[in-house]
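Chemist: Below is the file input-v9.tsv, with TSV, C-alpha atoms.
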```tsv
chain	number	residue	atom	x	y	z
A	1418	MET	CA	100.79	35.83	20.71
A	1419	GLU	CA	101.22	34.67	24.27
A	1420	HIS	CA	98.20	35.19	26.51
A	1421	GLY	CA	98.70	37.47	29.48
A	1422	ILE	CA	101.65	39.34	27.94
A	1423	ARG	CA	101.28	42.75	26.35
A	1424	PHE	CA	102.23	43.05	22.68
A	1425	THR	CA	104.85	45.70	23.52
A	1426	VAL	CA	106.51	43.34	26.01
A	1427	GLU	CA	106.40	40.43	23.58
A	1428	ASN	CA	107.86	42.71	20.87
A	1429	LEU	CA	110.41	44.74	22.83
A	1430	GLU	CA	111.73	46.79	19.90
A	1431	ILE	CA	108.24	48.13	19.24
A	1432	GLY	CA	107.69	48.73	22.95
A	1433	GLU	CA	110.95	50.68	23.23
A	1434	LEU	CA	110.13	52.76	20.15
A	1435	LEU	CA	106.69	53.64	21.53
A	1436	HIS	CA	108.28	54.60	24.87
A	1437	ARG	CA	110.70	56.98	23.12
A	1438	LEU	CA	107.90	58.32	20.90
A	1439	LEU	CA	105.02	58.70	23.36
A	1440	VAL	CA	106.51	58.95	26.87
A	1441	LYS	CA	109.87	60.64	26.32
A	1442	ARG	CA	108.71	62.54	23.18
A	1443	GLU	CA	112.17	62.19	21.60
A	1444	LEU	CA	110.94	61.33	18.11
A	1445	ASP	CA	108.49	64.06	17.07
A	1446	GLU	CA	110.35	64.94	13.84
A	1447	TRP	CA	110.86	61.27	12.96
A	1448	TYR	CA	107.12	60.74	13.53
A	1449	LYS	CA	106.21	63.59	11.16
A	1450	ASN	CA	108.59	62.29	8.48
A	1451	LYS	CA	107.35	58.68	8.74
A	1452	SER	CA	103.73	59.83	8.60
A	1453	ALA	CA	104.44	61.76	5.39
A	1454	GLU	CA	105.81	58.65	3.64
A	1455	LYS	CA	103.61	56.76	1.18
A	1456	ILE	CA	102.82	53.11	1.81
A	1457	GLN	CA	103.84	50.69	-0.89
A	1458	VAL	CA	101.42	47.98	-1.97
A	1459	PRO	CA	103.41	44.80	-2.61
A	1460	ARG	CA	103.32	43.98	-6.34
A	1461	GLU	CA	102.57	40.39	-5.36
A	1462	PHE	CA	99.09	41.50	-4.27
A	1463	ASN	CA	98.17	41.66	-7.96
A	1464	GLN	CA	98.34	37.84	-7.91
A	1465	ILE	CA	95.56	37.48	-5.31
A	1466	LYS	CA	92.97	35.03	-6.61
A	1467	HIS	CA	89.63	36.57	-7.61
A	1468	LEU	CA	91.11	40.10	-7.47
A	1469	LYS	CA	88.90	42.87	-8.83
A	1470	LYS	CA	90.92	45.94	-7.82
A	1471	ILE	CA	93.21	47.43	-5.20
A	1472	GLU	CA	92.76	50.94	-3.84
A	1473	VAL	CA	95.05	52.87	-1.51
A	1474	ARG	CA	94.03	55.62	0.87
A	1475	ASP	CA	97.21	57.20	2.12
A	1476	LEU	CA	97.14	60.58	3.80
A	1477	ASN	CA	99.69	62.31	5.99
A	1478	ASN	CA	99.01	59.90	8.83
A	1479	PRO	CA	100.86	57.20	10.84
A	1480	SER	CA	99.09	54.56	8.74
A	1481	GLY	CA	97.58	53.93	5.34
A	1482	ASP	CA	94.68	51.82	4.12
A	1483	ILE	CA	94.73	49.24	1.34
A	1484	THR	CA	91.35	48.07	0.09
A	1485	ILE	CA	91.38	44.79	-1.83
A	1486	GLN	CA	88.14	44.19	-3.68
A	1487	LEU	CA	87.46	40.67	-4.88
A	1488	LEU	CA	85.35	39.75	-7.89
A	1489	ASP	CA	81.61	39.92	-7.28
A	1490	LEU	CA	79.80	36.61	-6.99
A	1491	SER	CA	76.33	36.04	-8.40
A	1492	GLY	CA	74.16	33.19	-7.26
A	1493	GLU	CA	70.91	31.67	-8.31
A	1494	ASN	CA	67.68	33.61	-7.90
A	1495	GLY	CA	69.30	37.06	-8.13
A	1496	PHE	CA	71.75	37.08	-5.23
A	1497	HIS	CA	74.97	39.13	-5.54
A	1498	LEU	CA	77.89	39.18	-3.11
A	1499	GLU	CA	80.66	41.78	-2.97
A	1500	GLN	CA	83.72	40.99	-0.83
A	1501	GLN	CA	86.46	43.33	0.34
A	1502	ILE	CA	89.61	42.86	2.43
A	1503	ASN	CA	90.46	46.02	4.39
A	1504	MET	CA	94.10	46.32	5.37
A	1505	LYS	CA	95.51	49.01	7.64
A	1506	VAL	CA	99.33	49.31	7.52
A	1507	SER	CA	101.37	51.24	10.07
A	1508	LYS	CA	104.11	53.53	8.79
A	1509	LEU	CA	105.79	53.61	12.21
A	1510	VAL	CA	106.58	49.90	12.62
A	1511	PRO	CA	106.07	46.88	10.34
A	1512	VAL	CA	102.60	45.80	11.48
A	1513	TYR	CA	99.19	45.57	9.83
A	1514	VAL	CA	95.65	44.55	10.65
A	1515	LEU	CA	93.02	42.96	8.42
A	1516	ASP	CA	89.26	43.30	8.46
A	1517	TYR	CA	86.61	42.03	6.05
A	1518	SER	CA	83.46	43.51	4.51
A	1519	TYR	CA	80.62	41.83	2.69
A	1520	SER	CA	77.75	43.39	0.81
A	1521	LEU	CA	74.85	41.09	-0.04
A	1522	ARG	CA	72.18	42.17	-2.53
A	1523	HIS	CA	69.15	40.62	-4.16
A	1524	ASP	CA	67.42	41.75	-7.34
A	1525	LEU	CA	64.05	41.96	-5.59
A	1526	ILE	CA	65.26	44.05	-2.64
A	1527	ASP	CA	66.38	47.68	-2.63
A	1528	GLY	CA	69.64	48.31	-0.85
A	1529	ALA	CA	72.27	45.98	0.49
A	1530	TYR	CA	72.94	44.00	3.62
A	1531	ASP	CA	76.44	45.10	4.70
A	1532	ILE	CA	78.47	42.99	7.10
A	1533	VAL	CA	81.89	43.57	8.67
A	1534	GLY	CA	83.62	40.69	10.37
A	1535	THR	CA	85.87	37.71	9.95
A	1536	ALA	CA	86.94	35.86	6.81
A	1537	GLU	CA	84.03	33.50	6.17
A	1538	SER	CA	84.41	32.66	2.47
A	1539	LEU	CA	86.92	30.57	0.55
A	1540	GLU	CA	88.00	33.66	-1.41
A	1541	PHE	CA	88.67	35.60	1.80
A	1542	ILE	CA	90.56	32.72	3.39
A	1543	GLN	CA	92.73	32.19	0.31
A	1544	GLY	CA	93.33	35.94	-0.03
A	1545	THR	CA	94.20	36.29	3.66
A	1546	ASN	CA	96.64	33.38	3.56
A	1547	TYR	CA	98.36	34.88	0.52
A	1548	ILE	CA	98.52	38.40	2.02
A	1549	ASN	CA	99.92	37.06	5.31
A	1550	LYS	CA	102.57	35.04	3.45
A	1551	ILE	CA	103.71	38.07	1.43
A	1552	MET	CA	103.68	40.44	4.41
A	1553	GLN	CA	105.55	37.97	6.62
A	1554	GLU	CA	108.22	37.61	3.92
A	1555	LYS	CA	108.57	41.40	4.02
A	1556	GLY	CA	109.06	41.39	7.81
A	1557	PHE	CA	105.57	42.52	8.86
A	1558	ILE	CA	103.57	41.23	11.83
A	1559	GLU	CA	99.81	40.78	11.53
A	1560	LEU	CA	97.98	42.17	14.53
A	1561	SER	CA	94.98	40.28	15.77
A	1562	TYR	CA	92.07	42.70	15.44
A	1563	LEU	CA	90.37	41.18	18.49
A	1564	TYR	CA	93.41	41.01	20.78
A	1565	ASP	CA	96.51	42.96	19.72
A	1566	TYR	CA	94.76	45.99	18.21
A	1567	TYR	CA	92.96	46.75	21.48
A	1568	ASP	CA	95.88	45.79	23.73
A	1569	THR	CA	96.74	48.48	26.28
A	1570	VAL	CA	100.02	50.24	25.58
A	1571	TYR	CA	99.83	52.92	28.28
A	1572	GLU	CA	97.45	54.29	30.84
A	1573	TRP	CA	96.88	58.01	30.38
A	1574	SER	CA	98.59	58.79	33.68
A	1575	GLU	CA	101.85	57.65	32.03
A	1576	LEU	CA	101.41	60.10	29.12
A	1577	PRO	CA	101.26	63.64	30.53
A	1578	HIS	CA	101.99	65.26	27.13
A	1579	ILE	CA	99.11	63.60	25.27
A	1580	GLN	CA	95.45	64.60	25.58
A	1581	PRO	CA	93.38	61.56	26.72
A	1582	PHE	CA	90.54	60.56	24.37
A	1583	ASN	CA	89.59	57.08	25.54
A	1584	ARG	CA	89.93	54.94	28.67
A	1585	ARG	CA	93.53	54.04	27.79
A	1586	LEU	CA	95.96	54.19	24.86
A	1587	THR	CA	95.64	51.04	22.77
A	1588	LEU	CA	98.12	49.57	20.31
A	1589	GLY	CA	95.75	50.45	17.47
A	1590	ASP	CA	95.63	54.08	18.59
A	1591	ALA	CA	99.41	54.27	19.05
A	1592	LEU	CA	100.36	52.75	15.69
A	1593	PHE	CA	97.55	53.81	13.35
A	1594	THR	CA	96.21	57.21	14.49
A	1595	ASP	CA	97.75	60.63	15.13
A	1596	VAL	CA	97.61	60.53	18.93
A	1597	LEU	CA	100.42	63.09	19.13
A	1598	GLU	CA	98.34	65.59	17.11
A	1599	LEU	CA	101.43	66.73	15.20
A	1600	LEU	CA	100.02	66.30	11.70
```
What do you get writing this file as C-alpha coordinates?
Modeler:
Amino acid sequence: MEHGIRFTVENLEIGELLHRLLVKRELDEWYKNKSAEKIQVPREFNQIKHLKKIEVRDLNNPSGDITIQLLDLSGENGFHLEQQINMKVSKLVPVYVLDYSYSLRHDLIDGAYDIVGTAESLEFIQGTNYINKIMQEKGFIELSYLYDYYDTVYEWSELPHIQPFNRRLTLGDALFTDVLELL
(Lines of atoms letter the chains of each structure in order from A and count residues from 1; the text may use other names and numbers.)
(Lines give C-alpha, C1' and ligand atoms only; values in the text may rest on other atoms or scores of the structure.)
Protein backbone atom coordinates (compact mmCIF):
# COMPACT_ATOMS: atom_id res chain seq x y z
CA MET A 1 0.00 0.00 0.00
CA GLU A 2 1.30 3.41 -0.95
CA HIS A 3 -0.12 6.30 1.06
CA GLY A 4 -2.07 8.89 -0.89
CA ILE A 5 -2.92 6.53 -3.77
CA ARG A 6 -6.30 4.86 -4.09
CA PHE A 7 -6.35 1.06 -4.09
CA THR A 8 -8.00 1.04 -7.53
CA VAL A 9 -5.19 3.18 -8.96
CA GLU A 10 -2.51 1.06 -7.31
CA ASN A 11 -4.26 -2.08 -8.66
CA LEU A 12 -5.32 -0.97 -12.13
CA GLU A 13 -6.90 -4.27 -13.22
CA ILE A 14 -9.29 -4.12 -10.28
CA GLY A 15 -9.97 -0.43 -10.93
CA GLU A 16 -10.77 -1.11 -14.59
CA LEU A 17 -13.06 -4.02 -13.69
CA LEU A 18 -14.97 -1.88 -11.19
CA HIS A 19 -15.31 0.88 -13.81
CA ARG A 20 -16.83 -1.58 -16.31
CA LEU A 21 -19.03 -3.10 -13.60
CA LEU A 22 -20.26 -0.03 -11.73
CA VAL A 23 -19.96 2.96 -14.07
CA LYS A 24 -20.49 1.48 -17.54
CA ARG A 25 -22.72 -1.39 -16.25
CA GLU A 26 -21.31 -3.76 -18.89
CA LEU A 27 -20.95 -6.77 -16.59
CA ASP A 28 -24.35 -7.33 -14.94
CA GLU A 29 -24.65 -10.98 -16.07
CA TRP A 30 -21.02 -11.71 -15.16
CA TYR A 31 -21.71 -10.19 -11.73
CA LYS A 32 -24.74 -12.43 -11.17
CA ASN A 33 -22.79 -15.53 -12.24
CA LYS A 34 -19.77 -14.73 -10.04
CA SER A 35 -22.01 -14.03 -7.06
CA ALA A 36 -23.67 -17.44 -7.48
CA GLU A 37 -20.32 -19.26 -7.30
CA LYS A 38 -19.28 -20.95 -4.06
CA ILE A 39 -16.07 -19.90 -2.36
CA GLN A 40 -13.49 -22.61 -1.83
CA VAL A 41 -11.73 -22.86 1.51
CA PRO A 42 -8.09 -23.77 0.86
CA ARG A 43 -7.41 -27.29 2.18
CA GLU A 44 -4.23 -25.92 3.73
CA PHE A 45 -6.38 -24.06 6.28
CA ASN A 46 -6.89 -27.40 8.03
CA GLN A 47 -3.22 -27.14 9.06
CA ILE A 48 -3.71 -23.90 11.03
CA LYS A 49 -2.25 -24.35 14.50
CA HIS A 50 -4.79 -24.57 17.33
CA LEU A 51 -7.66 -25.04 14.83
CA LYS A 52 -11.02 -25.99 16.34
CA LYS A 53 -13.26 -25.72 13.27
CA ILE A 54 -13.89 -23.87 10.03
CA GLU A 55 -17.34 -22.68 8.98
CA VAL A 56 -18.39 -21.13 5.68
CA ARG A 57 -21.27 -18.76 5.13
CA ASP A 58 -21.73 -18.47 1.40
CA LEU A 59 -24.93 -17.05 -0.03
CA ASN A 60 -25.71 -15.69 -3.47
CA ASN A 61 -23.59 -12.62 -2.83
CA PRO A 62 -20.41 -10.96 -4.20
CA SER A 63 -18.51 -12.37 -1.21
CA GLY A 64 -18.46 -15.23 1.26
CA ASP A 65 -17.41 -15.53 4.88
CA ILE A 66 -15.00 -18.06 6.37
CA THR A 67 -14.99 -18.34 10.15
CA ILE A 68 -11.91 -19.98 11.65
CA GLN A 69 -12.42 -20.91 15.28
CA LEU A 70 -9.33 -21.66 17.31
CA LEU A 71 -9.18 -23.97 20.31
CA ASP A 72 -10.53 -22.45 23.52
CA LEU A 73 -7.97 -21.49 26.14
CA SER A 74 -8.57 -21.94 29.85
CA GLY A 75 -6.54 -20.10 32.42
CA GLU A 76 -6.16 -20.19 36.14
CA ASN A 77 -9.03 -19.11 38.38
CA GLY A 78 -11.78 -19.98 35.88
CA PHE A 79 -10.96 -17.79 32.87
CA HIS A 80 -11.88 -19.04 29.38
CA LEU A 81 -10.94 -17.44 26.06
CA GLU A 82 -12.52 -18.17 22.68
CA GLN A 83 -10.75 -16.83 19.57
CA GLN A 84 -12.07 -16.54 16.04
CA ILE A 85 -10.58 -15.29 12.76
CA ASN A 86 -13.26 -13.82 10.49
CA MET A 87 -12.37 -13.82 6.81
CA LYS A 88 -14.42 -12.16 4.09
CA VAL A 89 -13.48 -13.26 0.54
CA SER A 90 -14.61 -11.44 -2.59
CA LYS A 91 -15.92 -13.52 -5.48
CA LEU A 92 -15.40 -10.65 -7.93
CA VAL A 93 -11.63 -10.21 -7.59
CA PRO A 94 -8.97 -12.08 -5.59
CA VAL A 95 -9.03 -10.03 -2.38
CA TYR A 96 -9.94 -10.75 1.23
CA VAL A 97 -10.10 -8.99 4.57
CA LEU A 98 -9.47 -10.38 8.06
CA ASP A 99 -11.00 -9.41 11.37
CA TYR A 100 -10.69 -10.99 14.82
CA SER A 101 -13.13 -11.78 17.63
CA TYR A 102 -12.47 -12.70 21.23
CA SER A 103 -14.90 -13.90 23.85
CA LEU A 104 -13.67 -13.83 27.43
CA ARG A 105 -15.59 -15.64 30.19
CA HIS A 106 -15.12 -16.34 33.87
CA ASP A 107 -16.81 -19.05 35.92
CA LEU A 108 -18.06 -16.52 38.47
CA ILE A 109 -19.59 -14.12 35.94
CA ASP A 110 -22.67 -14.63 33.78
CA GLY A 111 -22.20 -13.78 30.14
CA ALA A 112 -19.12 -13.00 28.12
CA TYR A 113 -16.97 -10.01 27.31
CA ASP A 114 -16.88 -9.93 23.50
CA ILE A 115 -14.18 -7.98 21.68
CA VAL A 116 -13.61 -7.37 17.96
CA GLY A 117 -10.29 -5.97 16.85
CA THR A 118 -6.76 -6.75 15.83
CA ALA A 119 -4.72 -9.92 16.25
CA GLU A 120 -3.43 -9.65 19.82
CA SER A 121 -2.58 -13.26 20.70
CA LEU A 122 0.17 -15.61 19.56
CA GLU A 123 -2.45 -17.98 18.12
CA PHE A 124 -4.01 -15.17 16.06
CA ILE A 125 -0.65 -13.92 14.82
CA GLN A 126 0.49 -17.42 13.81
CA GLY A 127 -2.88 -18.14 12.17
CA THR A 128 -2.86 -14.83 10.31
CA ASN A 129 0.67 -15.34 9.02
CA TYR A 130 -0.25 -18.81 7.77
CA ILE A 131 -3.51 -17.64 6.14
CA ASN A 132 -1.73 -14.73 4.42
CA LYS A 133 1.00 -17.05 3.12
CA ILE A 134 -1.55 -19.50 1.65
CA MET A 135 -3.74 -16.77 0.15
CA GLN A 136 -0.76 -14.94 -1.35
CA GLU A 137 0.38 -18.19 -2.97
CA LYS A 138 -3.10 -18.44 -4.51
CA GLY A 139 -2.86 -14.90 -5.94
CA PHE A 140 -5.03 -13.08 -3.38
CA ILE A 141 -4.39 -9.63 -1.92
CA GLU A 142 -5.17 -8.94 1.73
CA LEU A 143 -7.02 -5.68 2.18
CA SER A 144 -6.18 -3.60 5.20
CA TYR A 145 -9.40 -3.34 7.18
CA LEU A 146 -8.45 0.13 8.42
CA TYR A 147 -7.27 1.59 5.09
CA ASP A 148 -8.15 -0.35 1.93
CA TYR A 149 -11.60 -1.57 2.97
CA TYR A 150 -12.84 2.00 3.52
CA ASP A 151 -10.96 3.49 0.57
CA THR A 152 -13.18 5.56 -1.72
CA VAL A 153 -13.81 3.94 -5.09
CA TYR A 154 -16.36 6.42 -6.46
CA GLU A 155 -18.38 9.40 -5.38
CA TRP A 156 -22.09 8.85 -5.90
CA SER A 157 -22.22 11.55 -8.57
CA GLU A 158 -20.13 9.21 -10.76
CA LEU A 159 -22.64 6.35 -10.37
CA PRO A 160 -26.02 7.51 -11.71
CA HIS A 161 -27.38 3.93 -12.00
CA ILE A 162 -26.77 2.98 -8.36
CA GLN A 163 -28.87 4.14 -5.42
CA PRO A 164 -26.64 5.96 -2.87
CA PHE A 165 -26.65 4.48 0.65
CA ASN A 166 -23.63 6.08 2.30
CA ARG A 167 -21.43 9.15 1.85
CA ARG A 168 -19.45 7.45 -0.92
CA LEU A 169 -18.86 4.01 -2.42
CA THR A 170 -16.02 2.28 -0.60
CA LEU A 171 -13.88 -0.62 -1.77
CA GLY A 172 -15.52 -2.83 0.86
CA ASP A 173 -18.98 -1.96 -0.46
CA ALA A 174 -17.94 -2.48 -4.09
CA LEU A 175 -16.26 -5.86 -3.61
CA PHE A 176 -18.20 -7.48 -0.77
CA THR A 177 -21.84 -6.27 -0.91
CA ASP A 178 -24.57 -6.26 -3.55
CA VAL A 179 -24.45 -2.56 -4.38
CA LEU A 180 -25.97 -3.25 -7.80
CA GLU A 181 -29.04 -4.84 -6.16
CA LEU A 182 -29.17 -7.54 -8.84
CA LEU A 183 -29.28 -10.53 -6.51
Chemist: Suppose you want the space between atom CA of Gln1553 of chain A and atom CA of Val1506 of chain A; what is it in Å?
Modeler: 13.0 Å
Chemist: Please work out which residues fall within 9 Å of (91.4, 46.1, -2.6), coordinates as given in the file, with all atoms listed in the file counting, and return them as number ranges by chain.
Modeler: A: 1468-1473, 1483-1487, 1501-1504
Chemist: Those selected residues, please, written with C-alpha atoms and delivered as a PDB file, keeping the file's coordinate frame.
Modeler:
```
ATOM      1  CA  LEU A1468      91.110  40.100  -7.470  1.00  0.00           C
ATOM      2  CA  LYS A1469      88.900  42.870  -8.830  1.00  0.00           C
ATOM      3  CA  LYS A1470      90.920  45.940  -7.820  1.00  0.00           C
ATOM      4  CA  ILE A1471      93.210  47.430  -5.200  1.00  0.00           C
ATOM      5  CA  GLU A1472      92.760  50.940  -3.840  1.00  0.00           C
ATOM      6  CA  VAL A1473      95.050  52.870  -1.510  1.00  0.00           C
ATOM      7  CA  ILE A1483      94.730  49.240   1.340  1.00  0.00           C
ATOM      8  CA  THR A1484      91.350  48.070   0.090  1.00  0.00           C
ATOM      9  CA  ILE A1485      91.380  44.790  -1.830  1.00  0.00           C
ATOM     10  CA  GLN A1486      88.140  44.190  -3.680  1.00  0.00           C
ATOM     11  CA  LEU A1487      87.460  40.670  -4.880  1.00  0.00           C
ATOM     12  CA  GLN A1501      86.460  43.330   0.340  1.00  0.00           C
ATOM     13  CA  ILE A1502      89.610  42.860   2.430  1.00  0.00           C
ATOM     14  CA  ASN A1503      90.460  46.020   4.390  1.00  0.00           C
ATOM     15  CA  MET A1504      94.100  46.320   5.370  1.00  0.00           C
TER      16      MET A1504
END
```
Chemist: I need the residue nearest Lys1449 of chain A from this list: A:Ile1465, A:Leu1509, A:Val1426, A:Ile1542. Use all atoms listed in the file for the distance.
Modeler: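 Closest to Lys1449 of chain A of all the choices is A:Leu1509.
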Chemist: Ranking A:Lys1505, A:Arg1442, A:Arg1437, A:Lys1455 by minimum distance to Ser1561 of chain A and counting only C-alpha atoms, which one comes first?
Modeler: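 Ranking A:Lys1505, A:Arg1442, A:Arg1437, A:Lys1455 by distance to Ser1561 of chain A, first place goes to A:Lys1505.
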Chemist: Report, in Å with one decimal, the straight-line distance from atom CA of Ser1480 of chain A to atom CA of Phe1593 of chain A.
Modeler: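 Rounded to one decimal, the two atoms are 4.9 Å apart.
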Chemist: Need to verify the contact set: Asp1445 of chain A, 9 Å, only C-alpha atoms, exclusion of same-chain residues closer than 4 positions in sequence. Can you return it as a list in words?
Modeler: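 So the residues in contact are Leu1438, Leu1439, Lys1449, Asn1450, Leu1597 and Leu1599 of chain A.
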